[in-house]
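What follows is a set of notes on a single structure, which appears directly below.
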Amino acid sequence: MVDPELLAPDDPRLASTPDLAVALHLLRAAALTDDVSRGHRDAVAAFVAEHPDAAARSCVEGHLTGSGLVVDASATRTLLMLHRKLGRWFQPGGHADGDANLAAVALREASEETGIAGLRVALPAIDVDVHEVRPPAEVPHLHLDVRFLVVAPPSAHEEGNEESLALRWVTVSDLDGLDPPIDPSTRRLVIRGLAVAARLGVGERGPS
């Protein structure tokens, strides 16, 4: 399996675009290791093929989102946020809002929601998930989430925004102690992301 490549925010491969072909390319290239995430990938690809507005919130049935699993420079911890609206622990992420470059979306959302400067995002994506959300005062809808590893610098200092009630660095062994409990999808992503980061040698190499 090809190791992920870390991209800085100014990398031209992170240019915003409304072209859904870019989202489909990221889906096809995703480095997935389990049947659950592969099934979600196929479902997202089928949805995008049938919904030309899949990257916009105006697609009320569901829409694309990008998530970034933020891992520290030691490759042993990830930064989870207690989501204000949904009241659960999640990785940073958010709506594409018309941008089909979901790697760029993931990096942007991770930067905004953690306040950490110097984040880098890895290609290819490491997970895909489809789930229903029920935010207050909104119609229930699907989030078609393409998920990427995001690596923090050694000097990372986190500062949440209005999206979260709390931020917490956790190891895999900390997951069972979270309150409220994390869902199986988030657990899958954390375990997968930390394994990829360790294989990439993030903790040994530091920023390039």
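Every chain in the structure tokens takes a letter, A first, then B, and so on in the order presented; its residues are numbered from 1, and the ligands are numbered from 1 following the presented order.
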Using only C-alpha atoms, find each residue of range 127-171 of chain A with at least one atom at most 10 Å away from an atom of range 73-76 of chain A; report its shortest atom-to-atom pair and that distance in Å (one decimal), sort the rows by chain and rising residue number, and return the result as a tab-separated table.
residue	atom	partner	partner_atom	distance
A:Val151	CA	A:Ala73	CA	6.8
A:Ala152	CA	A:Ala73	CA	5.8
A:Pro153	CA	A:Ala73	CA	5.6
A:Pro154	CA	A:Ala73	CA	5.1
A:Ser155	CA	A:Ala73	CA	8.5
A:Ala156	CA	A:Ala73	CA	8.4
A:Trp169	CA	A:Thr76	CA	9.6
A:Val170	CA	A:Thr76	CA	8.3
A:Thr171	CA	A:Thr76	CA	6.1
* Mind checking DSSP for range 1-201 of chain A and telling me the strand (DSSP E or B) residues as a PyMOL selection string? -> chain A and resi 5-7+62-71+78-83+89-90+93-95+120-123+127-133+141-151+164-170
* To do: Please give the complete set of residues from range 37-203 of chain A that DSSP, run on the backbone, assigns to helix (DSSP H, G or I), formatted as number ranges by chain.
  => A: 37-50, 102-114, 172-177, 184-200, 202-203
Mind dumping a table of every range 38-100 of chain A residue within 10 Å of range 106-121 of chain A, with the nearest atom pair and its distance in Å to one decimal, using only C-alpha atoms, sorted by chain and rising number, as JSON lines?
{"residue": "A:Thr65", "atom": "CA", "partner": "A:Ala106", "partner_atom": "CA", "distance": 8.0}
{"residue": "A:Gly66", "atom": "CA", "partner": "A:Ala106", "partner_atom": "CA", "distance": 4.5}
{"residue": "A:Ser67", "atom": "CA", "partner": "A:Ala106", "partner_atom": "CA", "distance": 4.5}
{"residue": "A:Gly68", "atom": "CA", "partner": "A:Ala106", "partner_atom": "CA", "distance": 4.8}
{"residue": "A:Leu69", "atom": "CA", "partner": "A:Ala110", "partner_atom": "CA", "distance": 7.9}
{"residue": "A:Val70", "atom": "CA", "partner": "A:Ala110", "partner_atom": "CA", "distance": 7.1}
{"residue": "A:Val71", "atom": "CA", "partner": "A:Leu119", "partner_atom": "CA", "distance": 9.6}
{"residue": "A:Asp72", "atom": "CA", "partner": "A:Leu119", "partner_atom": "CA", "distance": 9.8}
{"residue": "A:Leu79", "atom": "CA", "partner": "A:Thr114", "partner_atom": "CA", "distance": 8.2}
{"residue": "A:Leu80", "atom": "CA", "partner": "A:Thr114", "partner_atom": "CA", "distance": 9.1}
{"residue": "A:Met81", "atom": "CA", "partner": "A:Glu113", "partner_atom": "CA", "distance": 8.3}
{"residue": "A:Gln91", "atom": "CA", "partner": "A:Ala110", "partner_atom": "CA", "distance": 8.3}
{"residue": "A:Pro92", "atom": "CA", "partner": "A:Ala110", "partner_atom": "CA", "distance": 5.1}
{"residue": "A:Gly93", "atom": "CA", "partner": "A:Glu109", "partner_atom": "CA", "distance": 5.1}
{"residue": "A:Gly94", "atom": "CA", "partner": "A:Glu109", "partner_atom": "CA", "distance": 6.0}
{"residue": "A:His95", "atom": "CA", "partner": "A:Glu109", "partner_atom": "CA", "distance": 8.6}
{"residue": "A:Ala96", "atom": "CA", "partner": "A:Ala106", "partner_atom": "CA", "distance": 8.7}
* Asked: Using only C-alpha atoms, which residue out of A:Gly87, A:Pro18, A:Gly201, A:Pro180 lies closest to Glu163 in chain A?
  -> A:Gly87
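Going from CA of Ile182 in chain A to CA of Pro140 in chain A covers 20.0 Å.
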* Between CA of Asp183 in chain A and CA of Ala56 in chain A, what is the spacing in Å? ->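 Between CA of Ala56 in chain A and CA of Asp183 in chain A the gap works out to 25.6 Å.
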* Structure fact -> Using only C-alpha atoms, the best pick from A:Ser16, A:Thr78, A:Ser58, A:Asn101 as closest to Thr186 in chain A would be A:Thr78
* Counting only C-alpha atoms, what is within 7 Å of range 47-54 of chain A, bar same-chain residues fewer than 5 positions away, as a count of residues only? -> 3
* To do: Excluding Asp127 in chain A and residues on its chain fewer than 4 positions from it, collect all residues at most 7 Å away from it, counting only C-alpha atoms, and give them as a list in words.
  =>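 Surrounding residues, per the criterion: Leu32, Ser37, Val146, Arg147, Phe148 and Leu189 of chain A.
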Keeping N, CA and C atoms for every residue in the selection just given, could you write it to a file as a compact mmCIF listing (two decimals), in the first residue's frame?
# COMPACT_ATOMS: atom_id res chain seq x y z
N LEU A 32 -8.70 2.31 1.61
CA LEU A 32 -9.65 1.71 2.55
C LEU A 32 -9.27 0.27 2.84
N SER A 37 -16.14 0.62 5.21
CA SER A 37 -15.79 1.88 4.56
C SER A 37 -15.87 1.76 3.04
N VAL A 146 -16.01 12.11 3.54
CA VAL A 146 -14.72 11.57 3.09
C VAL A 146 -13.68 12.07 4.08
N ARG A 147 -12.88 11.15 4.62
CA ARG A 147 -12.07 11.44 5.80
C ARG A 147 -10.58 11.29 5.51
N PHE A 148 -9.81 12.25 6.01
CA PHE A 148 -8.39 12.33 5.73
C PHE A 148 -7.59 12.42 7.03
N LEU A 189 -12.42 5.30 12.65
CA LEU A 189 -11.55 6.31 12.05
C LEU A 189 -10.32 6.58 12.92
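When only C-alpha atoms are used to measure the gap to Ser164 in chain A, the shortest distance among A:Leu123, A:Ala23, A:Val60, A:Leu82 belongs to A:Leu82.
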* Nearest to Val128 in chain A, chosen from A:Leu144, A:Leu6, A:Leu178, A:Ala103, with only C-alpha atoms counted in the distances -> A:Leu144
* To do: Can you work out the spacing between CA of Trp89 in chain A and CA of Gly160 in chain A in Å, to one decimal?
  =>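 Calculated distance between CA of Trp89 in chain A and CA of Gly160 in chain A is 13.4 Å.
Considering the residues A:Leu86, A:Val202, A:Val150, A:Ile191 and counting only C-alpha atoms, Leu7 in chain A has its shortest atom-to-atom contact with A:Val150.
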* Asked: What lies within 8 Å of Pro124 in chain A using only C-alpha atoms, ignoring chain neighbours under 6 positions off, as a PyMOL selection string?
  -> chain A and resi 4-5+26+29-31+148
* Find the residue from A:Glu132, A:Asp35, A:Asp176, A:Glu159 that sits nearest to Asp145 in chain A; use only C-alpha atoms when measuring. =>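 Of A:Glu132, A:Asp35, A:Asp176, A:Glu159, the one nearest Asp145 in chain A, counting only C-alpha atoms, is A:Glu132.
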